[in-house]
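These notes concern the structure reproduced below.
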Amino acid sequence: MIEIKGLSVQLGEFRLNDIDLAVDEGGFFVLMGPTGSGKTILLEAIAGLVPVRNGSIVISGRDITRLPPEKRGVGIMYQDYALFPHLTVTGNIKFGLRYRRHDTKSTDKRFRKLVDDLGIGHLLHRCPDTLSGGELQRVALARALMVEPRVILLDEPLSALDPRFREEIRLLLKQTHSLSAITFFMVTHDFSEAISLATKAAIISNGVIQQTGTIHDIFQRPSSAFVADFVGMKNVFQARFNKTSAEVGSLRMEIPHCHHSSCGHVAIRPEDIVIGLNDRESNLNNSFAGIITSIIDQGFVYEVHVSVYDLLFKILVTKGSAVDLALDIGTGVRLSYKSSAVHVF
Amino acid sequence: MGKRGPFYWVSVSCGIMVLAFIVLPLYELLTAPSSAMLRETLKDRNVIHSIWLSIYTSLSAASISFAIGTPLAYVLARSSFRGKHFIESIIDLPIVIPHPVVGIAILSVAGRNHWLGHIMSELGIRIMGSTTGIITVLVFVGMPFYINSVKSGIEGISPRMENVARSLGAPMWSTFVRITFPLAWRSVLVGFIMCCARAISEFGAVVVVAYHPMTAPVLIYERFEGYGLKYSQPVAVWLVIVCLSLFLVLRILALSGKKAP
């Protein structure tokens, strides 16, 4: 288990403030946040590569806060792989063996198995500058696993890969994690990576942890307007609550349960809102008439902005539905959503 | 390709002028003495001794720079701290100080009136008129070239490689020896060559600290002053040949591993 308590780091103008995190032993934890939020610095603080001002980092009951990086049992894998260009693939993978007691026979066996599992047996004598992105990533993973760390820190491991390798390496990471007892701690800004790989996650912004919990909680039950916006709940409004209804601007909408305070926010995911033509009544609890103010092409879908009185809703619509409904700017539409789709905080 | 405009021809003419300016005097110097004179000069023990002394002291100066300058270059490349620019300026000082002033400055520390000079004389170390003195002066003038070259070489290596090496269990020292140094060796070699080149050509500071034993530039100056151009030319030719071949060898070594772009 990784337990981070009250961790503060000051690096030039940037600060990590009072970070508290708990990561389960052998779990797959994801840290998400916008660019410049301090994700990589937090990774480097866990690895011992940046000086810590306050707080503690405990891994499996052992306080490693003041230990040098080589004594922590924490591996780090960077986005740009950072393979050693002057060593062959074998040289890279076996780099760390010199610093730990090992029995040559069992190490060789483990090396063979690792190389086979990762499918890099044919690359062993090559130098890193002749490898593709996916191959580099496999070698970097093998190098980190070879020394059997307790924790592997992955800094956006998939972001530098082209899409065909990304899927492949994502599966590989999942597989490798399930076969080992190592705790994986990954930084990413890709939600699909987070959802498919991790069980728990944290959101960081401006050097402060905004929310931590299960992946489901983070995406479905954001605890602040920032997290809601960050995880793609594009419809976040201030609200006043009255039993199971919420007053949002001049709208009154049904919410799933009573809220403990009278003021707060409501958030609705853009894909949870159904759009229909104005003349059709909806049987969903929340149904409002509005006018389309803009349509943004997002590749496979359109993001349709609908103005309802003083509110602007953002709704995702497939291109097929948009054509069927003949949606255009100025069209009057009816948008509806279940009360259970409204997240209250 | 379009018609070449005036800018092209101005660039070419300036280029030719610069090359001629460098090559012509050297060509005249190298071709002035006859081969018989060159052979004759080589039999002169003073000449051989001075050229050897120049090579020996320059290599020593570069080796000392390597030993004590490399860690400093590493620190300057990797860390940022208050006063770093100030330290960098101090390191560059020997480049801007006039050469005879360097000699005088070193003598003022090494003299008996100074506590350091006093300690050194107690220990039997003599700076004035000694090989030690020459090497001291050459380290002083050559060190900035070494440190600057190695510093920029290390800056070019991603610190992430060192981070990964540390996370794999390598202590700092081992990381430097196994990762940083092998990746920076070319700039270390270039720094070594630059330091050597600067040291072997030093005259002003050396002549103040040690007229004797005579390094090649001092010997050339002495012969020019005492006997004129003709007499100093053959020694100068030998010094140029030695320098050129030394640097050619090192340059080939430095470039041999580099892949063609």
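Within each chain, counting starts at residue 1; across the structure tokens, chains are named A, B, ... in the order shown, with ligands numbered 1 upward in that order.
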
From the DSSP assignment of the backbone, select every residue of stretch 51-239 of chain A that is helix (DSSP H, G or I), and format the answer as a ChimeraX atom specification. /A:69-71,89-93,95-99,104-117,121-123,128-130,133-146,163-179,191-197,215-220,225-230

Using only C-alpha atoms, determine which residues lie at most 8 Å from stretch 197-212 of chain B, disregarding the query and same-chain residues fewer than 3 positions distant; provide the list as a PDB file with N, CA, C and O atoms, in the first residue's frame.
```pdb
ATOM      1  N   SER B  54      55.845  21.711 -23.984  1.00  0.00           N
ATOM      2  CA  SER B  54      54.547  22.298 -24.331  1.00  0.00           C
ATOM      3  C   SER B  54      53.457  21.236 -24.352  1.00  0.00           C
ATOM      4  O   SER B  54      52.371  21.433 -23.804  1.00  0.00           O
ATOM      5  N   ILE B  55      53.770  20.099 -25.011  1.00  0.00           N
ATOM      6  CA  ILE B  55      52.778  19.017 -25.104  1.00  0.00           C
ATOM      7  C   ILE B  55      52.466  18.476 -23.715  1.00  0.00           C
ATOM      8  O   ILE B  55      51.296  18.333 -23.318  1.00  0.00           O
ATOM      9  N   THR B  57      52.922  19.791 -20.679  1.00  0.00           N
ATOM     10  CA  THR B  57      52.222  20.680 -19.740  1.00  0.00           C
ATOM     11  C   THR B  57      50.763  20.886 -20.164  1.00  0.00           C
ATOM     12  O   THR B  57      49.871  20.940 -19.315  1.00  0.00           O
ATOM     13  N   SER B  58      50.526  20.954 -21.495  1.00  0.00           N
ATOM     14  CA  SER B  58      49.142  21.157 -21.958  1.00  0.00           C
ATOM     15  C   SER B  58      48.287  19.947 -21.629  1.00  0.00           C
ATOM     16  O   SER B  58      47.148  20.083 -21.164  1.00  0.00           O
ATOM     17  N   ALA B  61      47.542  19.980 -18.026  1.00  0.00           N
ATOM     18  CA  ALA B  61      46.532  20.980 -17.681  1.00  0.00           C
ATOM     19  C   ALA B  61      45.141  20.466 -18.040  1.00  0.00           C
ATOM     20  O   ALA B  61      44.192  20.604 -17.254  1.00  0.00           O
ATOM     21  N   HIS B  99      46.444  38.068 -20.862  1.00  0.00           N
ATOM     22  CA  HIS B  99      47.316  36.950 -20.467  1.00  0.00           C
ATOM     23  C   HIS B  99      48.439  37.296 -19.491  1.00  0.00           C
ATOM     24  O   HIS B  99      48.615  36.595 -18.502  1.00  0.00           O
ATOM     25  N   PRO B 100      49.195  38.381 -19.732  1.00  0.00           N
ATOM     26  CA  PRO B 100      50.262  38.667 -18.757  1.00  0.00           C
ATOM     27  C   PRO B 100      49.690  38.930 -17.365  1.00  0.00           C
ATOM     28  O   PRO B 100      50.314  38.581 -16.365  1.00  0.00           O
ATOM     29  N   VAL B 101      48.479  39.499 -17.314  1.00  0.00           N
ATOM     30  CA  VAL B 101      47.847  39.767 -16.015  1.00  0.00           C
ATOM     31  C   VAL B 101      47.587  38.459 -15.273  1.00  0.00           C
ATOM     32  O   VAL B 101      47.746  38.370 -14.049  1.00  0.00           O
ATOM     33  N   VAL B 102      47.209  37.404 -16.040  1.00  0.00           N
ATOM     34  CA  VAL B 102      46.991  36.085 -15.427  1.00  0.00           C
ATOM     35  C   VAL B 102      48.273  35.648 -14.717  1.00  0.00           C
ATOM     36  O   VAL B 102      48.258  35.227 -13.554  1.00  0.00           O
ATOM     37  N   GLY B 103      49.394  35.789 -15.439  1.00  0.00           N
ATOM     38  CA  GLY B 103      50.694  35.390 -14.874  1.00  0.00           C
ATOM     39  C   GLY B 103      50.993  36.166 -13.603  1.00  0.00           C
ATOM     40  O   GLY B 103      51.357  35.582 -12.573  1.00  0.00           O
ATOM     41  N   ILE B 104      50.774  37.467 -13.668  1.00  0.00           N
ATOM     42  CA  ILE B 104      51.073  38.317 -12.506  1.00  0.00           C
ATOM     43  C   ILE B 104      50.159  37.941 -11.338  1.00  0.00           C
ATOM     44  O   ILE B 104      50.604  37.833 -10.191  1.00  0.00           O
ATOM     45  N   ILE B 106      48.771  35.068 -10.694  1.00  0.00           N
ATOM     46  CA  ILE B 106      49.167  33.789 -10.093  1.00  0.00           C
ATOM     47  C   ILE B 106      50.425  33.967  -9.246  1.00  0.00           C
ATOM     48  O   ILE B 106      50.530  33.437  -8.136  1.00  0.00           O
ATOM     49  N   LEU B 107      51.353  34.779  -9.751  1.00  0.00           N
ATOM     50  CA  LEU B 107      52.576  35.015  -8.962  1.00  0.00           C
ATOM     51  C   LEU B 107      52.265  35.718  -7.646  1.00  0.00           C
ATOM     52  O   LEU B 107      52.908  35.458  -6.627  1.00  0.00           O
ATOM     53  N   ILE B 127      56.451  27.712  -7.861  1.00  0.00           N
ATOM     54  CA  ILE B 127      55.651  28.096  -9.023  1.00  0.00           C
ATOM     55  C   ILE B 127      56.520  28.873 -10.009  1.00  0.00           C
ATOM     56  O   ILE B 127      56.574  28.570 -11.201  1.00  0.00           O
ATOM     57  N   MET B 128      57.254  29.869  -9.492  1.00  0.00           N
ATOM     58  CA  MET B 128      58.082  30.734 -10.332  1.00  0.00           C
ATOM     59  C   MET B 128      59.163  29.899 -11.023  1.00  0.00           C
ATOM     60  O   MET B 128      59.918  29.191 -10.378  1.00  0.00           O
ATOM     61  N   GLY B 129      59.191  29.969 -12.357  1.00  0.00           N
ATOM     62  CA  GLY B 129      60.259  29.313 -13.114  1.00  0.00           C
ATOM     63  C   GLY B 129      60.247  27.796 -13.015  1.00  0.00           C
ATOM     64  O   GLY B 129      61.307  27.161 -13.054  1.00  0.00           O
ATOM     65  N   SER B 130      59.073  27.203 -12.862  1.00  0.00           N
ATOM     66  CA  SER B 130      59.047  25.734 -12.776  1.00  0.00           C
ATOM     67  C   SER B 130      57.952  25.158 -13.670  1.00  0.00           C
ATOM     68  O   SER B 130      57.038  25.877 -14.082  1.00  0.00           O
ATOM     69  N   THR B 131      58.062  23.858 -13.952  1.00  0.00           N
ATOM     70  CA  THR B 131      57.021  23.184 -14.733  1.00  0.00           C
ATOM     71  C   THR B 131      55.681  23.254 -14.004  1.00  0.00           C
ATOM     72  O   THR B 131      54.639  23.444 -14.613  1.00  0.00           O
ATOM     73  N   GLY B 133      54.612  25.612 -12.195  1.00  0.00           N
ATOM     74  CA  GLY B 133      54.105  26.958 -12.457  1.00  0.00           C
ATOM     75  C   GLY B 133      53.446  27.031 -13.823  1.00  0.00           C
ATOM     76  O   GLY B 133      52.350  27.597 -13.977  1.00  0.00           O
ATOM     77  N   ILE B 134      54.125  26.444 -14.821  1.00  0.00           N
ATOM     78  CA  ILE B 134      53.563  26.472 -16.183  1.00  0.00           C
ATOM     79  C   ILE B 134      52.205  25.766 -16.205  1.00  0.00           C
ATOM     80  O   ILE B 134      51.216  26.283 -16.723  1.00  0.00           O
ATOM     81  N   VAL B 137      49.451  27.810 -14.622  1.00  0.00           N
ATOM     82  CA  VAL B 137      48.985  28.871 -15.511  1.00  0.00           C
ATOM     83  C   VAL B 137      48.080  28.290 -16.601  1.00  0.00           C
ATOM     84  O   VAL B 137      47.020  28.844 -16.927  1.00  0.00           O
ATOM     85  N   LEU B 138      48.468  27.149 -17.155  1.00  0.00           N
ATOM     86  CA  LEU B 138      47.712  26.566 -18.261  1.00  0.00           C
ATOM     87  C   LEU B 138      46.344  26.052 -17.796  1.00  0.00           C
ATOM     88  O   LEU B 138      45.359  26.143 -18.529  1.00  0.00           O
ATOM     89  N   VAL B 139      46.290  25.525 -16.567  1.00  0.00           N
ATOM     90  CA  VAL B 139      44.982  25.108 -16.028  1.00  0.00           C
ATOM     91  C   VAL B 139      44.094  26.346 -15.912  1.00  0.00           C
ATOM     92  O   VAL B 139      42.924  26.338 -16.296  1.00  0.00           O
ATOM     93  N   VAL B 141      44.113  29.136 -17.617  1.00  0.00           N
ATOM     94  CA  VAL B 141      43.581  29.673 -18.885  1.00  0.00           C
ATOM     95  C   VAL B 141      42.733  28.653 -19.657  1.00  0.00           C
ATOM     96  O   VAL B 141      41.883  29.030 -20.454  1.00  0.00           O
ATOM     97  N   GLY B 142      42.959  27.356 -19.418  1.00  0.00           N
ATOM     98  CA  GLY B 142      42.267  26.342 -20.220  1.00  0.00           C
ATOM     99  C   GLY B 142      40.972  25.832 -19.611  1.00  0.00           C
ATOM    100  O   GLY B 142      40.061  25.414 -20.320  1.00  0.00           O
ATOM    101  N   ILE B 193      40.165  18.731 -25.855  1.00  0.00           N
ATOM    102  CA  ILE B 193      40.923  19.267 -26.994  1.00  0.00           C
ATOM    103  C   ILE B 193      40.994  20.800 -26.916  1.00  0.00           C
ATOM    104  O   ILE B 193      42.046  21.397 -27.098  1.00  0.00           O
ATOM    105  N   MET B 194      39.851  21.417 -26.610  1.00  0.00           N
ATOM    106  CA  MET B 194      39.817  22.881 -26.539  1.00  0.00           C
ATOM    107  C   MET B 194      40.764  23.380 -25.451  1.00  0.00           C
ATOM    108  O   MET B 194      41.474  24.373 -25.639  1.00  0.00           O
ATOM    109  N   THR B 215      58.812  26.789 -22.839  1.00  0.00           N
ATOM    110  CA  THR B 215      57.827  26.090 -23.679  1.00  0.00           C
ATOM    111  C   THR B 215      58.061  26.560 -25.118  1.00  0.00           C
ATOM    112  O   THR B 215      58.769  27.554 -25.343  1.00  0.00           O
ATOM    113  N   PRO B 217      56.243  28.186 -27.401  1.00  0.00           N
ATOM    114  CA  PRO B 217      55.971  29.589 -27.756  1.00  0.00           C
ATOM    115  C   PRO B 217      57.018  30.545 -27.190  1.00  0.00           C
ATOM    116  O   PRO B 217      57.399  31.506 -27.859  1.00  0.00           O
ATOM    117  N   VAL B 218      57.529  30.272 -25.987  1.00  0.00           N
ATOM    118  CA  VAL B 218      58.546  31.150 -25.404  1.00  0.00           C
ATOM    119  C   VAL B 218      59.842  31.038 -26.202  1.00  0.00           C
ATOM    120  O   VAL B 218      60.505  32.041 -26.492  1.00  0.00           O
ATOM    121  N   CYS B 243      50.906  20.491 -33.209  1.00  0.00           N
ATOM    122  CA  CYS B 243      49.545  20.862 -32.790  1.00  0.00           C
ATOM    123  C   CYS B 243      48.515  20.280 -33.747  1.00  0.00           C
ATOM    124  O   CYS B 243      47.540  19.650 -33.321  1.00  0.00           O
ATOM    125  N   PHE B 247      45.666  17.495 -32.809  1.00  0.00           N
ATOM    126  CA  PHE B 247      44.242  17.812 -32.840  1.00  0.00           C
ATOM    127  C   PHE B 247      43.501  17.033 -33.918  1.00  0.00           C
ATOM    128  O   PHE B 247      42.340  16.717 -33.769  1.00  0.00           O
TER     129      PHE B 247
END
```

Produce a table with one row for each residue of chain B that has an atom at most 7 Å from any atom of chain A, each row naming the nearest atom pair and its distance in Å at one decimal; use only C-alpha atoms; arrange rows by chain and rising residue number; format as a Markdown table.
```
| residue | atom | partner | partner_atom | distance |
| --- | --- | --- | --- | --- |
| B:Arg160 | CA | A:Ala82 | CA | 6.2 |
| B:Met161 | CA | A:Ala82 | CA | 5.2 |
| B:Asn163 | CA | A:Leu49 | CA | 6.7 |
| B:Val164 | CA | A:Ile76 | CA | 6.1 |
| B:Arg166 | CA | A:Glu70 | CA | 5.0 |
| B:Ser167 | CA | A:Gly75 | CA | 5.1 |
| B:Leu168 | CA | A:Gly96 | CA | 4.8 |
| B:Gly169 | CA | A:Glu70 | CA | 4.0 |
| B:Ala170 | CA | A:Glu70 | CA | 5.7 |
| B:Pro171 | CA | A:Glu70 | CA | 6.1 |
```

So, with only C-alpha atoms as the atoms that count, which of A:Ile59, A:Val248, A:Val317, A:Leu171 lies closest to A:Asn235? A:Val248

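The smallest atom-to-atom distance between B:Trp173 and any of B:Gly228, B:Leu123, B:Phe140, B:Pro71, using only C-alpha atoms, is found for B:Pro71.
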
Please, what distance in Å, to one decimal, runs between atom CA of A:Phe226 and atom CA of A:Gln210? 8.1 Å

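What separates atom CA of A:Ile4 from atom CA of A:Val187 is a distance of 16.0 Å.
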
What's the 12 Å shell around B:Phe176, counting only C-alpha atoms, without same-chain residues fewer than 3 positions away, as a PyMOL selection string? chain B and resi 70-71+74-75+78+154+157+159+161-163+165-166+170-173+179-185

Residues from the last selection, C-alpha atoms, saved as a PDB file, in the first residue's frame:
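Heads up, here's the output in again-v1.pdb:
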```pdb
ATOM      1  CA  THR B  70      33.955  17.495 -14.656  1.00  0.00           C
ATOM      2  CA  PRO B  71      32.077  17.375 -11.326  1.00  0.00           C
ATOM      3  CA  TYR B  74      27.883  18.412 -13.901  1.00  0.00           C
ATOM      4  CA  VAL B  75      26.594  20.485 -11.005  1.00  0.00           C
ATOM      5  CA  ARG B  78      22.008  19.847 -13.592  1.00  0.00           C
ATOM      6  CA  ILE B 154      25.579  17.220 -20.051  1.00  0.00           C
ATOM      7  CA  ILE B 157      21.334  14.592 -21.918  1.00  0.00           C
ATOM      8  CA  PRO B 159      17.889  14.067 -16.739  1.00  0.00           C
ATOM      9  CA  MET B 161      17.698   8.867 -18.034  1.00  0.00           C
ATOM     10  CA  GLU B 162      19.501   9.506 -14.767  1.00  0.00           C
ATOM     11  CA  ASN B 163      16.175   9.406 -12.926  1.00  0.00           C
ATOM     12  CA  ALA B 165      18.820   4.691 -13.630  1.00  0.00           C
ATOM     13  CA  ARG B 166      18.406   5.780 -10.008  1.00  0.00           C
ATOM     14  CA  ALA B 170      21.912   2.766  -9.299  1.00  0.00           C
ATOM     15  CA  PRO B 171      23.496   5.154  -6.787  1.00  0.00           C
ATOM     16  CA  MET B 172      24.409   8.637  -8.036  1.00  0.00           C
ATOM     17  CA  TRP B 173      28.054   7.792  -8.657  1.00  0.00           C
ATOM     18  CA  ILE B 179      24.858   6.725 -18.014  1.00  0.00           C
ATOM     19  CA  THR B 180      25.896  10.369 -17.966  1.00  0.00           C
ATOM     20  CA  PHE B 181      29.577   9.998 -18.785  1.00  0.00           C
ATOM     21  CA  PRO B 182      29.188   7.514 -21.670  1.00  0.00           C
ATOM     22  CA  LEU B 183      26.562   9.787 -23.201  1.00  0.00           C
ATOM     23  CA  ALA B 184      28.642  12.936 -22.690  1.00  0.00           C
ATOM     24  CA  TRP B 185      32.061  11.564 -23.640  1.00  0.00           C
TER      25      TRP B 185
END
```

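For the atom pair formed by atom CA of A:Ile41 and atom CA of A:Phe191, the distance is 20.4 Å, given to one decimal.
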
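Near A:Glu271, within a cut-off of 7 Å and counting only C-alpha atoms, sit the residues A:Arg269, A:Ile273, A:Ile315, A:Leu316, with same-chain residues fewer than 2 positions away left out.
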
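Nearest to B:Leu53 of all the residues B:Thr132, B:Asn148, B:Ser232, B:Thr175 is B:Thr132, counting only C-alpha atoms.
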
List the neighbours of B:Pro144 out to 12 Å using only C-alpha atoms; skip same-chain residues closer than 6 positions along the sequence, and give me the result as a ChimeraX atom specification. /B:61-62,65-66,68-70,72-73,87-96,138,150-151,191-192,194-196,198-199
